[in-house]
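Here is the structure we will look at, set down as structure tokens.
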Amino acid sequence: MLDHARAAGLLGPAKSARLSGRVPASLIEAAKQRAHVASDTELLELALARLALEDDFGARLVRRKGSVPPDIDLEF
């Protein structure tokens, strides 16, 4: 995911923003273990990259519900 974010120009050598917040330490540790990362920074980069690059196929598919005419021949 981080490679895709780099390729999309979302990650680079310069870190120009700071993000802070309070969350349970147990949540951070569980997320790090699941993501196989060691640092808080890498965890945040991964989480933000996943959100930024998330595929919205499911939502787009649901929005199309009812858009195919019922009389169309699908050749089944």
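Letters for chains follow the order of the structure tokens (A, B, ...), residue numbers begin at 1 for each chain, and ligand numbers begin at 1 in the order shown.
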Using DSSP on the backbone coordinates, identify all residues within chain A classified as alpha helix (DSSP H); present the result as a PDB file with N, CA, C and O atoms, in the first residue's frame.
```pdb
ATOM      1  N   LEU A   2       1.934   1.218   0.783  1.00  0.00           N
ATOM      2  CA  LEU A   2       2.813   2.389   0.828  1.00  0.00           C
ATOM      3  C   LEU A   2       3.503   2.611  -0.511  1.00  0.00           C
ATOM      4  O   LEU A   2       3.713   3.763  -0.914  1.00  0.00           O
ATOM      5  N   ASP A   3       3.820   1.534  -1.219  1.00  0.00           N
ATOM      6  CA  ASP A   3       4.413   1.674  -2.557  1.00  0.00           C
ATOM      7  C   ASP A   3       3.426   2.335  -3.514  1.00  0.00           C
ATOM      8  O   ASP A   3       3.810   3.182  -4.321  1.00  0.00           O
ATOM      9  N   HIS A   4       2.166   1.968  -3.423  1.00  0.00           N
ATOM     10  CA  HIS A   4       1.137   2.592  -4.269  1.00  0.00           C
ATOM     11  C   HIS A   4       0.987   4.075  -3.924  1.00  0.00           C
ATOM     12  O   HIS A   4       0.823   4.905  -4.820  1.00  0.00           O
ATOM     13  N   ALA A   5       1.043   4.386  -2.651  1.00  0.00           N
ATOM     14  CA  ALA A   5       0.944   5.781  -2.227  1.00  0.00           C
ATOM     15  C   ALA A   5       2.132   6.595  -2.736  1.00  0.00           C
ATOM     16  O   ALA A   5       1.970   7.731  -3.172  1.00  0.00           O
ATOM     17  N   ARG A   6       3.321   5.992  -2.699  1.00  0.00           N
ATOM     18  CA  ARG A   6       4.507   6.678  -3.245  1.00  0.00           C
ATOM     19  C   ARG A   6       4.347   6.908  -4.743  1.00  0.00           C
ATOM     20  O   ARG A   6       4.634   7.996  -5.253  1.00  0.00           O
ATOM     21  N   ALA A   7       3.882   5.879  -5.449  1.00  0.00           N
ATOM     22  CA  ALA A   7       3.704   5.990  -6.901  1.00  0.00           C
ATOM     23  C   ALA A   7       2.668   7.051  -7.261  1.00  0.00           C
ATOM     24  O   ALA A   7       2.767   7.695  -8.299  1.00  0.00           O
ATOM     25  N   ALA A  25      -3.637   3.029  23.746  1.00  0.00           N
ATOM     26  CA  ALA A  25      -2.372   2.382  23.387  1.00  0.00           C
ATOM     27  C   ALA A  25      -2.614   0.972  22.861  1.00  0.00           C
ATOM     28  O   ALA A  25      -1.909   0.513  21.952  1.00  0.00           O
ATOM     29  N   SER A  26      -3.626   0.304  23.400  1.00  0.00           N
ATOM     30  CA  SER A  26      -3.917  -1.061  22.947  1.00  0.00           C
ATOM     31  C   SER A  26      -4.351  -1.084  21.481  1.00  0.00           C
ATOM     32  O   SER A  26      -4.023  -2.015  20.752  1.00  0.00           O
ATOM     33  N   LEU A  27      -5.045  -0.044  21.048  1.00  0.00           N
ATOM     34  CA  LEU A  27      -5.460   0.058  19.637  1.00  0.00           C
ATOM     35  C   LEU A  27      -4.242   0.239  18.744  1.00  0.00           C
ATOM     36  O   LEU A  27      -4.116  -0.414  17.700  1.00  0.00           O
ATOM     37  N   ILE A  28      -3.343   1.091  19.160  1.00  0.00           N
ATOM     38  CA  ILE A  28      -2.125   1.329  18.376  1.00  0.00           C
ATOM     39  C   ILE A  28      -1.305   0.054  18.264  1.00  0.00           C
ATOM     40  O   ILE A  28      -0.866  -0.320  17.173  1.00  0.00           O
ATOM     41  N   GLU A  29      -1.092  -0.621  19.372  1.00  0.00           N
ATOM     42  CA  GLU A  29      -0.282  -1.839  19.346  1.00  0.00           C
ATOM     43  C   GLU A  29      -0.929  -2.935  18.508  1.00  0.00           C
ATOM     44  O   GLU A  29      -0.248  -3.632  17.755  1.00  0.00           O
ATOM     45  N   ALA A  30      -2.243  -3.090  18.626  1.00  0.00           N
ATOM     46  CA  ALA A  30      -2.932  -4.106  17.830  1.00  0.00           C
ATOM     47  C   ALA A  30      -2.834  -3.778  16.336  1.00  0.00           C
ATOM     48  O   ALA A  30      -2.617  -4.668  15.506  1.00  0.00           O
ATOM     49  N   ALA A  31      -2.975  -2.509  15.987  1.00  0.00           N
ATOM     50  CA  ALA A  31      -2.873  -2.099  14.586  1.00  0.00           C
ATOM     51  C   ALA A  31      -1.461  -2.304  14.052  1.00  0.00           C
ATOM     52  O   ALA A  31      -1.279  -2.749  12.909  1.00  0.00           O
ATOM     53  N   LYS A  32      -0.453  -1.992  14.856  1.00  0.00           N
ATOM     54  CA  LYS A  32       0.935  -2.201  14.437  1.00  0.00           C
ATOM     55  C   LYS A  32       1.205  -3.684  14.184  1.00  0.00           C
ATOM     56  O   LYS A  32       1.848  -4.038  13.196  1.00  0.00           O
ATOM     57  N   GLN A  33       0.721  -4.530  15.083  1.00  0.00           N
ATOM     58  CA  GLN A  33       0.925  -5.969  14.900  1.00  0.00           C
ATOM     59  C   GLN A  33       0.236  -6.444  13.625  1.00  0.00           C
ATOM     60  O   GLN A  33       0.815  -7.213  12.848  1.00  0.00           O
ATOM     61  N   ARG A  34      -0.975  -6.016  13.410  1.00  0.00           N
ATOM     62  CA  ARG A  34      -1.733  -6.445  12.223  1.00  0.00           C
ATOM     63  C   ARG A  34      -1.079  -5.948  10.939  1.00  0.00           C
ATOM     64  O   ARG A  34      -1.048  -6.638   9.928  1.00  0.00           O
ATOM     65  N   ALA A  35      -0.572  -4.714  10.976  1.00  0.00           N
ATOM     66  CA  ALA A  35       0.043  -4.103   9.790  1.00  0.00           C
ATOM     67  C   ALA A  35       1.508  -4.474   9.624  1.00  0.00           C
ATOM     68  O   ALA A  35       2.113  -4.152   8.605  1.00  0.00           O
ATOM     69  N   ASP A  40       4.966   4.458  15.052  1.00  0.00           N
ATOM     70  CA  ASP A  40       3.679   5.156  14.970  1.00  0.00           C
ATOM     71  C   ASP A  40       3.547   5.886  13.638  1.00  0.00           C
ATOM     72  O   ASP A  40       2.477   5.906  13.028  1.00  0.00           O
ATOM     73  N   THR A  41       4.648   6.485  13.176  1.00  0.00           N
ATOM     74  CA  THR A  41       4.625   7.219  11.915  1.00  0.00           C
ATOM     75  C   THR A  41       4.276   6.305  10.750  1.00  0.00           C
ATOM     76  O   THR A  41       3.427   6.641   9.914  1.00  0.00           O
ATOM     77  N   GLU A  42       4.917   5.155  10.703  1.00  0.00           N
ATOM     78  CA  GLU A  42       4.633   4.214   9.615  1.00  0.00           C
ATOM     79  C   GLU A  42       3.180   3.731   9.674  1.00  0.00           C
ATOM     80  O   GLU A  42       2.530   3.576   8.645  1.00  0.00           O
ATOM     81  N   LEU A  43       2.669   3.522  10.876  1.00  0.00           N
ATOM     82  CA  LEU A  43       1.278   3.110  11.038  1.00  0.00           C
ATOM     83  C   LEU A  43       0.334   4.188  10.518  1.00  0.00           C
ATOM     84  O   LEU A  43      -0.616   3.890   9.785  1.00  0.00           O
ATOM     85  N   LEU A  44       0.602   5.434  10.870  1.00  0.00           N
ATOM     86  CA  LEU A  44      -0.240   6.534  10.379  1.00  0.00           C
ATOM     87  C   LEU A  44      -0.159   6.664   8.861  1.00  0.00           C
ATOM     88  O   LEU A  44      -1.178   6.866   8.196  1.00  0.00           O
ATOM     89  N   GLU A  45       1.035   6.556   8.301  1.00  0.00           N
ATOM     90  CA  GLU A  45       1.184   6.639   6.847  1.00  0.00           C
ATOM     91  C   GLU A  45       0.394   5.532   6.163  1.00  0.00           C
ATOM     92  O   GLU A  45      -0.287   5.775   5.170  1.00  0.00           O
ATOM     93  N   LEU A  46       0.485   4.335   6.697  1.00  0.00           N
ATOM     94  CA  LEU A  46      -0.227   3.209   6.113  1.00  0.00           C
ATOM     95  C   LEU A  46      -1.735   3.413   6.195  1.00  0.00           C
ATOM     96  O   LEU A  46      -2.459   3.220   5.214  1.00  0.00           O
ATOM     97  N   ALA A  47      -2.224   3.804   7.356  1.00  0.00           N
ATOM     98  CA  ALA A  47      -3.665   4.008   7.535  1.00  0.00           C
ATOM     99  C   ALA A  47      -4.183   5.106   6.620  1.00  0.00           C
ATOM    100  O   ALA A  47      -5.232   4.949   5.967  1.00  0.00           O
ATOM    101  N   LEU A  48      -3.472   6.214   6.544  1.00  0.00           N
ATOM    102  CA  LEU A  48      -3.904   7.316   5.685  1.00  0.00           C
ATOM    103  C   LEU A  48      -3.813   6.954   4.209  1.00  0.00           C
ATOM    104  O   LEU A  48      -4.683   7.329   3.407  1.00  0.00           O
ATOM    105  N   ALA A  49      -2.777   6.209   3.826  1.00  0.00           N
ATOM    106  CA  ALA A  49      -2.645   5.771   2.433  1.00  0.00           C
ATOM    107  C   ALA A  49      -3.799   4.853   2.047  1.00  0.00           C
ATOM    108  O   ALA A  49      -4.355   4.960   0.953  1.00  0.00           O
ATOM    109  N   ARG A  50      -4.178   3.953   2.957  1.00  0.00           N
ATOM    110  CA  ARG A  50      -5.298   3.048   2.669  1.00  0.00           C
ATOM    111  C   ARG A  50      -6.576   3.833   2.453  1.00  0.00           C
ATOM    112  O   ARG A  50      -7.352   3.535   1.552  1.00  0.00           O
ATOM    113  N   LEU A  51      -6.809   4.849   3.268  1.00  0.00           N
ATOM    114  CA  LEU A  51      -8.003   5.673   3.088  1.00  0.00           C
ATOM    115  C   LEU A  51      -7.945   6.467   1.788  1.00  0.00           C
ATOM    116  O   LEU A  51      -8.925   6.557   1.054  1.00  0.00           O
ATOM    117  N   ALA A  52      -6.792   7.060   1.513  1.00  0.00           N
ATOM    118  CA  ALA A  52      -6.647   7.901   0.325  1.00  0.00           C
ATOM    119  C   ALA A  52      -6.772   7.103  -0.965  1.00  0.00           C
ATOM    120  O   ALA A  52      -7.285   7.613  -1.968  1.00  0.00           O
ATOM    121  N   PHE A  57     -15.392   0.672  -5.281  1.00  0.00           N
ATOM    122  CA  PHE A  57     -16.182  -0.158  -6.192  1.00  0.00           C
ATOM    123  C   PHE A  57     -17.520  -0.572  -5.591  1.00  0.00           C
ATOM    124  O   PHE A  57     -18.558  -0.494  -6.237  1.00  0.00           O
ATOM    125  N   GLY A  58     -17.518  -1.011  -4.341  1.00  0.00           N
ATOM    126  CA  GLY A  58     -18.755  -1.462  -3.702  1.00  0.00           C
ATOM    127  C   GLY A  58     -19.797  -0.368  -3.655  1.00  0.00           C
ATOM    128  O   GLY A  58     -20.964  -0.586  -3.996  1.00  0.00           O
ATOM    129  N   ALA A  59     -19.400   0.812  -3.243  1.00  0.00           N
ATOM    130  CA  ALA A  59     -20.336   1.938  -3.165  1.00  0.00           C
ATOM    131  C   ALA A  59     -20.850   2.318  -4.552  1.00  0.00           C
ATOM    132  O   ALA A  59     -22.042   2.604  -4.734  1.00  0.00           O
ATOM    133  N   ARG A  60     -19.971   2.320  -5.547  1.00  0.00           N
ATOM    134  CA  ARG A  60     -20.408   2.644  -6.906  1.00  0.00           C
ATOM    135  C   ARG A  60     -21.369   1.591  -7.436  1.00  0.00           C
ATOM    136  O   ARG A  60     -22.347   1.914  -8.111  1.00  0.00           O
ATOM    137  N   LEU A  61     -21.118   0.328  -7.128  1.00  0.00           N
ATOM    138  CA  LEU A  61     -21.984  -0.747  -7.572  1.00  0.00           C
ATOM    139  C   LEU A  61     -23.383  -0.598  -6.964  1.00  0.00           C
ATOM    140  O   LEU A  61     -24.391  -0.715  -7.666  1.00  0.00           O
ATOM    141  N   VAL A  62     -23.440  -0.330  -5.681  1.00  0.00           N
ATOM    142  CA  VAL A  62     -24.733  -0.167  -5.006  1.00  0.00           C
ATOM    143  C   VAL A  62     -25.499   1.025  -5.575  1.00  0.00           C
ATOM    144  O   VAL A  62     -26.718   0.957  -5.756  1.00  0.00           O
ATOM    145  N   ARG A  63     -24.802   2.111  -5.892  1.00  0.00           N
ATOM    146  CA  ARG A  63     -25.463   3.292  -6.473  1.00  0.00           C
ATOM    147  C   ARG A  63     -26.092   2.982  -7.827  1.00  0.00           C
ATOM    148  O   ARG A  63     -27.041   3.639  -8.235  1.00  0.00           O
TER     149      ARG A  63
END
```
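Across the structure, CA of Asp56 in chain A and CA of Leu19 in chain A are spaced 25.3 Å apart.
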Quick one, how far is CA of Pro24 in chain A from CA of Glu54 in chain A?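 Distance reported for this atom pair: 24.8 Å.
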Selected residue, from A:Leu53, A:Ser39, A:Ser16, A:Gly21, that lies nearest to Met1 in chain A when counting only C-alpha atoms: A:Leu53
